[in-house]
$ cat work-v9.txt   # compact mmCIF, C-alpha atoms
# COMPACT_ATOMS: atom_id res chain seq x y z
CA MET A 1 89.21 89.00 96.61
CA THR A 2 86.73 89.71 99.38
CA ILE A 3 86.95 93.12 101.05
CA LEU A 4 85.23 93.60 104.39
CA LEU A 5 83.82 97.10 104.95
CA GLU A 6 83.34 98.87 108.24
CA GLU A 7 82.30 102.50 108.64
CA HIS A 8 82.65 104.64 111.70
CA GLN A 9 82.86 108.41 112.18
CA ASN A 10 82.65 108.97 108.40
CA VAL A 11 85.74 106.85 107.88
CA MET A 12 85.46 103.75 105.72
CA VAL A 13 87.75 100.92 106.80
CA LEU A 14 88.53 98.37 104.11
CA ARG A 15 89.90 94.96 105.07
CA PRO A 16 90.97 92.91 102.04
CA GLU A 17 90.96 89.19 102.73
CA GLY A 18 93.75 87.13 101.20
CA HIS A 19 97.49 86.87 101.56
CA ALA A 20 98.49 88.87 98.47
CA LEU A 21 97.59 91.96 96.46
CA ASP A 22 99.21 91.21 93.14
CA ALA A 23 98.75 90.50 89.44
CA ARG A 24 96.13 87.87 90.27
CA ASN A 25 93.66 90.16 92.00
CA ALA A 26 94.76 93.82 91.59
CA GLU A 27 92.17 94.53 88.89
CA GLN A 28 89.43 93.04 91.01
CA PHE A 29 90.59 95.19 93.93
CA ARG A 30 90.40 98.33 91.78
CA ASP A 31 86.88 97.45 90.61
CA SER A 32 85.75 96.77 94.17
CA VAL A 33 87.02 100.02 95.68
CA ARG A 34 85.97 102.32 92.81
CA PRO A 35 82.35 102.73 93.97
CA ILE A 36 83.47 103.17 97.57
CA ILE A 37 85.71 106.17 96.90
CA SER A 38 82.90 107.92 95.05
CA SER A 39 80.97 108.15 98.31
CA HIS A 40 83.73 108.35 100.95
CA SER A 41 86.64 110.74 101.26
CA LYS A 42 88.45 109.18 104.22
CA ILE A 43 89.56 105.60 103.76
CA VAL A 44 91.69 103.37 105.96
CA LEU A 45 93.03 100.24 104.30
CA ASP A 46 93.76 97.51 106.84
CA MET A 47 96.43 95.34 105.20
CA SER A 48 97.01 93.03 108.15
CA GLN A 49 96.20 89.89 106.14
CA ILE A 50 98.37 90.80 103.15
CA ARG A 51 101.92 89.49 103.07
CA PHE A 52 102.87 90.27 99.48
CA VAL A 53 102.31 93.25 97.18
CA ASP A 54 103.69 93.40 93.63
CA SER A 55 103.78 96.17 91.01
CA ALA A 56 100.17 95.49 89.98
CA GLY A 57 99.05 95.70 93.61
CA LEU A 58 101.10 98.83 94.11
CA GLY A 59 99.47 100.35 91.01
CA ALA A 60 96.05 99.59 92.49
CA LEU A 61 96.99 101.26 95.78
CA LEU A 62 98.37 104.33 94.00
CA SER A 63 95.25 104.50 91.86
CA LEU A 64 93.10 104.42 95.00
CA MET A 65 95.23 107.13 96.63
CA ARG A 66 95.04 109.35 93.54
CA GLY A 67 91.31 108.79 93.12
CA LEU A 68 90.75 109.97 96.67
CA ALA A 69 93.14 112.90 96.34
CA SER A 70 91.27 114.10 93.25
CA GLN A 71 88.22 114.65 95.44
CA ASN A 72 90.16 116.00 98.42
CA GLY A 73 90.07 112.67 100.17
CA GLN A 74 92.79 110.70 101.91
CA LEU A 75 94.01 107.12 102.07
CA ARG A 76 95.77 105.71 105.12
CA LEU A 77 97.34 102.27 105.37
CA VAL A 78 97.44 100.26 108.59
CA GLY A 79 98.51 96.80 109.71
CA LEU A 80 101.38 96.38 107.27
CA GLN A 81 103.14 93.08 107.83
CA ASP A 82 106.94 92.98 108.08
CA GLU A 83 107.30 91.57 104.56
CA VAL A 84 105.19 94.32 103.00
CA LEU A 85 106.68 97.13 105.08
CA THR A 86 110.17 95.93 104.20
CA MET A 87 109.30 95.94 100.50
CA PHE A 88 107.73 99.41 100.78
CA ARG A 89 110.93 100.70 102.40
CA GLN A 90 113.12 99.17 99.71
CA ILE A 91 111.26 101.03 96.99
CA ARG A 92 110.54 104.01 99.25
CA MET A 93 106.79 103.66 99.05
CA ASN A 94 106.72 104.27 102.80
CA MET A 95 107.36 107.90 101.82
CA VAL A 96 104.45 107.93 99.37
CA PHE A 97 101.70 106.43 101.52
CA GLU A 98 100.50 107.52 104.95
CA ILE A 99 101.17 104.50 107.16
CA TYR A 100 99.84 104.00 110.70
CA ASP A 101 100.05 101.14 113.16
CA SER A 102 96.34 100.74 113.79
CA VAL A 103 92.92 101.79 112.56
CA GLN A 104 92.42 103.73 115.78
CA GLN A 105 95.65 105.68 115.32
CA ALA A 106 94.83 106.42 111.68
CA THR A 107 91.33 107.69 112.40
CA GLU A 108 92.15 109.62 115.58
CA THR A 109 94.44 112.05 113.76
CA TRP A 110 91.60 113.04 111.45
CA TYR A 111 89.50 114.18 114.38
CA ARG A 112 92.05 115.72 116.73
CA MET B 113 130.12 77.07 98.04
CA ASN B 114 127.90 76.19 95.09
CA PHE B 115 124.31 75.09 95.24
CA GLN B 116 121.87 74.55 92.40
CA CYS B 117 118.17 73.77 92.08
CA ALA B 118 115.53 74.06 89.37
CA THR B 119 111.82 73.72 88.76
CA GLN B 120 109.31 74.00 85.92
CA LEU B 121 106.15 76.05 86.33
CA ASP B 122 103.06 76.47 84.19
CA CYS B 123 103.01 79.68 82.19
CA ASP B 124 100.10 80.98 84.21
CA LEU B 125 99.55 83.33 87.15
CA SER B 126 98.15 80.36 89.09
CA ALA B 127 101.76 79.14 89.41
CA ILE B 128 102.78 82.17 91.49
CA ASP B 129 102.35 80.48 94.88
CA ASP B 130 104.55 77.59 93.72
CA LEU B 131 107.15 80.10 92.45
CA HIS B 132 107.24 81.89 95.80
CA LEU B 133 107.56 78.61 97.71
CA PHE B 134 110.41 77.43 95.46
CA LEU B 135 112.24 80.75 95.79
CA ARG B 136 111.86 81.00 99.56
CA GLU B 137 113.30 77.50 100.01
CA ALA B 138 116.19 78.28 97.65
CA ILE B 139 116.93 81.56 99.45
CA ALA B 140 116.92 79.85 102.86
CA ASP B 141 119.19 77.06 101.57
CA THR B 142 121.53 79.59 99.97
CA PHE B 143 121.94 82.18 102.68
CA GLY B 144 120.92 80.35 105.85
CA ASP B 145 120.81 82.78 108.76
CA GLY B 146 121.75 85.55 106.32
CA ALA B 147 118.36 85.25 104.61
CA THR B 148 116.85 88.35 106.19
CA ILE B 149 113.32 89.50 105.43
CA ALA B 150 114.76 92.37 103.36
CA LEU B 151 116.92 90.07 101.23
CA THR B 152 114.21 87.43 100.86
CA GLU B 153 111.49 89.89 99.85
CA ARG B 154 113.85 91.66 97.45
CA ILE B 155 114.57 88.42 95.59
CA VAL B 156 111.00 87.09 95.64
CA LEU B 157 109.54 90.37 94.38
CA ALA B 158 112.07 90.84 91.57
CA VAL B 159 111.68 87.27 90.27
CA HIS B 160 107.90 87.47 90.70
CA GLU B 161 107.86 90.60 88.51
CA ALA B 162 109.97 88.89 85.85
CA PHE B 163 107.75 85.80 85.94
CA THR B 164 104.46 87.73 85.66
CA ASN B 165 105.96 89.78 82.84
CA ILE B 166 106.66 86.58 80.90
CA VAL B 167 103.15 85.25 81.57
CA ARG B 168 101.43 88.48 80.55
CA HIS B 169 103.52 89.70 77.65
CA GLY B 170 106.07 87.24 76.45
CA GLN B 171 104.32 83.95 75.98
CA ASP B 172 101.90 84.63 73.12
CA ALA B 173 103.25 81.73 71.12
CA GLY B 174 104.52 79.48 73.86
CA ARG B 175 101.89 79.45 76.57
CA GLU B 176 101.71 75.65 76.59
CA GLN B 177 105.44 75.48 77.35
CA PRO B 178 106.51 75.67 81.00
CA ILE B 179 108.75 78.38 82.41
CA VAL B 180 111.98 76.94 83.80
CA VAL B 181 113.37 78.53 86.96
CA ARG B 182 116.96 77.75 87.97
CA CYS B 183 118.81 78.93 91.05
CA LEU B 184 122.58 78.96 91.39
CA ALA B 185 124.25 79.96 94.64
CA THR B 186 127.91 80.96 94.52
CA GLY B 187 130.71 82.54 96.55
CA GLY B 188 131.87 82.08 100.11
CA ASP B 189 133.49 79.05 101.76
CA ASP B 190 130.78 78.05 104.18
CA ARG B 191 127.83 80.06 102.97
CA ALA B 192 126.95 81.46 99.54
CA THR B 193 127.12 85.22 99.10
CA ARG B 194 125.27 85.43 95.79
CA LEU B 195 122.16 83.88 94.27
CA THR B 196 121.49 83.90 90.54
CA VAL B 197 117.98 83.07 89.35
CA GLU B 198 117.51 82.21 85.69
CA LEU B 199 114.10 82.26 83.99
CA ILE B 200 113.83 80.41 80.68
CA ASP B 201 110.73 80.68 78.49
CA CYS B 202 109.73 79.85 74.92
CA GLY B 203 107.69 82.98 74.24
CA ARG B 204 108.45 85.75 71.79
CA ALA B 205 111.77 87.49 72.25
CA PHE B 206 111.59 90.06 75.02
CA ASP B 207 114.57 91.83 76.52
CA PRO B 208 113.48 93.58 79.73
CA ILE B 209 116.74 95.49 79.92
CA ALA B 210 116.23 97.02 76.47
CA ALA B 211 112.57 97.61 77.25
CA ALA B 212 113.41 99.51 80.41
CA LEU B 213 116.00 101.57 78.54
CA SER B 214 113.46 102.37 75.87
CA ARG B 215 110.85 103.34 78.42
CA ALA B 216 113.32 105.56 80.23
CA GLY B 217 114.22 107.48 77.10
CA SER B 218 116.90 105.33 75.48
CA SER B 219 119.71 106.63 77.66
CA ARG B 220 121.13 104.49 80.42
CA GLY B 221 122.58 107.56 82.03
CA GLY B 222 119.14 109.04 82.40
CA VAL B 223 117.78 106.19 84.54
CA ASP B 224 118.05 105.91 88.29
CA TRP B 225 118.65 102.15 88.14
CA ARG B 226 118.82 101.62 91.86
CA GLY B 227 116.35 104.33 92.74
CA PRO B 228 112.72 103.84 93.68
CA PRO B 229 110.00 103.61 91.04
CA SER B 230 108.48 106.64 92.69
CA SER B 231 111.36 108.78 91.50
CA HIS B 232 110.57 108.44 87.82
CA ASN B 233 107.05 107.18 87.26
CA ILE B 234 104.97 108.04 90.26
CA GLY B 235 102.58 109.81 87.93
CA THR B 236 101.38 106.61 86.32
CA THR B 237 99.35 103.75 87.68
CA GLY B 238 101.20 101.00 85.84
CA GLY B 239 104.58 100.03 84.45
CA TYR B 240 106.34 99.55 87.76
CA GLY B 241 107.37 95.96 87.08
CA LEU B 242 110.43 96.53 84.90
CA SER B 243 111.56 99.39 87.09
CA MET B 244 111.24 97.21 90.18
CA ILE B 245 113.29 94.41 88.62
CA HIS B 246 116.08 96.87 87.84
CA SER B 247 115.92 98.44 91.28
CA LEU B 248 115.93 95.19 93.22
CA ALA B 249 118.40 92.96 91.36
CA SER B 250 122.14 93.46 91.83
CA ASP B 251 122.73 92.53 88.20
CA LEU B 252 120.64 91.57 85.16
CA SER B 253 121.44 89.90 81.88
CA TYR B 254 119.36 88.70 78.97
CA ALA B 255 120.04 86.38 76.03
CA ARG B 256 117.95 84.85 73.27
CA GLU B 257 119.23 81.35 72.55
CA GLN B 258 117.65 78.65 70.39
CA GLY B 259 114.24 80.29 70.45
CA ARG B 260 114.21 80.77 74.21
CA ASN B 261 114.52 83.82 76.43
CA HIS B 262 117.12 83.51 79.19
CA LEU B 263 116.84 86.17 81.87
CA LEU B 264 119.37 86.06 84.71
CA LEU B 265 118.82 88.03 87.89
CA THR B 266 121.71 88.10 90.35
CA PHE B 267 121.36 89.08 93.98
CA ASN B 268 124.29 89.78 96.27
CA ASN B 269 123.80 89.36 99.96
CA GLU B 270 125.06 92.77 100.91
CA GLY B 271 125.12 91.78 104.57
CA ILE B 272 128.06 89.49 103.80
CA SER B 273 131.35 90.88 102.53
CA GLN B 274 131.89 89.79 98.92
$ encode --input "work-v9.txt" --output "structure tokens"
Amino acid sequence: MTILLEEHQNVMVLRPEGHALDARNAEQFRDSVRPIISSHSKIVLDMSQIRFVDSAGLGALLSLMRGLASQNGQLRLVGLQDEVLTMFRQIRMNMVFEIYDSVQQATETWYR
Amino acid sequence: MNFQCATQLDCDLSAIDDLHLFLREAIADTFGDGATIALTERIVLAVHEAFTNIVRHGQDAGREQPIVVRCLATGGDDRATRLTVELIDCGRAFDPIAAALSRAGSSRGGVDWRGPPSSHNIGTTGGYGLSMIHSLASDLSYAREQGRNHLLLTFNNEGISQ
């Protein structure tokens, strides 16, 4: 899985490329983001390309969120597709993650 | 209305895209306009979790054997109201219902079967799969027959009166 990185105003925006975050690539995702969270405390994950997340993908997202929280950082999710947002609602993960419509909206609230 | 279809997939995570495609077509054929995003994603995710569980944990001795996936739509005069998906594999015996009970403390009464995974294992980074299957399927049953695991996941279309 390729993850595009973009940094502005001390916020790191991660854009995973690929249609799924699941058992096939969740471990690779964890390995890729581990070094990033050691140097950034505010991360926005743009999930606009992802249309499917399974339990392994969810575990990777929770691991990222917890890793950031342990160093007083925050994770925000943006660009969730209908399929993913629907699944999050069914298992109430929309109450666990901070979800915003856009990168701009997610970053603005940090600097208001 | 009854409708049935089946496929065989390699016991490998590389078969996931084919599994999803097969399921999405079966769901659309079964429920027609009633195949909402919520219903479709619920079924695909639950079966996906069961399939990956077989690939990762249950097929030590039977990896060269395919996993059979069968769909049976039932109920309703014009349009089915229920879809049952059966997964058949030749791996070691594995009962996901018993495993989930064991994980939850061996008491069915102590498990929020239809609740979110977050309610009982948010503190961990893994082990959501079994919990998700239980939360998303309307009914589950497991049998070991002639050296094969048979896992049946039933999904009611709750948008249609049963």
$ residues_near_point --input "work-v9.txt" --point "(83.8, 99.0, 105.9)" --cutoff "12 Å" --atoms "all atoms listed in the file" --output "ChimeraX atom specification"
/A:2-16,33,36-37,40,42-46,103
$ closest_residue --input "work-v9.txt" --among "B:Leu135, B:Ile128, B:Ile149, B:Leu264" --to "B:Glu198" --atoms "all atoms listed in the file"
B:Leu264
$ interface_residues --input "work-v9.txt" --of "chain A" --to "chain B" --cutoff "9 Å" --atoms "only C-alpha atoms" --output "PyMOL selection string"
chain A and resi 23-24+52-56+58-63+82-84+86-87+90-93+96
$ residues_around --input "work-v9.txt" --residues "stretch 175-187 of chain B" --least-positions-apart "2" --cutoff "7 Å" --atoms "all atoms listed in the file" --output "CSV table (one decimal) with C-alpha atoms, in the coordinates of the input"
chain,number,residue,atom,x,y,z
B,113,MET,CA,130.1,77.1,98.0
B,114,ASN,CA,127.9,76.2,95.1
B,115,PHE,CA,124.3,75.1,95.2
B,116,GLN,CA,121.9,74.6,92.4
B,117,CYS,CA,118.2,73.8,92.1
B,118,ALA,CA,115.5,74.1,89.4
B,119,THR,CA,111.8,73.7,88.8
B,120,GLN,CA,109.3,74.0,85.9
B,121,LEU,CA,106.2,76.0,86.3
B,122,ASP,CA,103.1,76.5,84.2
B,123,CYS,CA,103.0,79.7,82.2
B,142,THR,CA,121.5,79.6,100.0
B,171,GLN,CA,104.3,84.0,76.0
B,172,ASP,CA,101.9,84.6,73.1
B,173,ALA,CA,103.2,81.7,71.1
B,189,ASP,CA,133.5,79.0,101.8
B,192,ALA,CA,127.0,81.5,99.5
B,193,THR,CA,127.1,85.2,99.1
B,194,ARG,CA,125.3,85.4,95.8
B,195,LEU,CA,122.2,83.9,94.3
B,196,THR,CA,121.5,83.9,90.5
B,197,VAL,CA,118.0,83.1,89.4
B,198,GLU,CA,117.5,82.2,85.7
B,199,LEU,CA,114.1,82.3,84.0
B,200,ILE,CA,113.8,80.4,80.7
B,201,ASP,CA,110.7,80.7,78.5
B,202,CYS,CA,109.7,79.8,74.9
$ atom_distance --input "work-v9.txt" --atom1 "atom CA of A:Ala69" --atom2 "atom CA of A:Ile99"
15.9 Å
$ atom_distance --input "work-v9.txt" --atom1 "atom CA of B:Tyr254" --atom2 "atom CA of B:Thr266"
11.6 Å
$ atom_distance --input "work-v9.txt" --atom1 "atom CA of A:Arg51" --atom2 "atom CA of A:Ser32"
19.8 Å
$ closest_residue --input "work-v9.txt" --among "B:Ser250, B:Leu263, B:Asp145, B:Leu133" --to "B:Phe163" --atoms "all atoms listed in the file"
B:Leu263
$ residues_near_point --input "work-v9.txt" --point "(112.0, 85.7, 70.4)" --cutoff "8 Å" --atoms "only C-alpha atoms" --output "list of chain:residue names"
B:Cys202, B:Gly203, B:Arg204, B:Ala205, B:Phe206, B:Arg256, B:Gly259, B:Arg260, B:Asn261
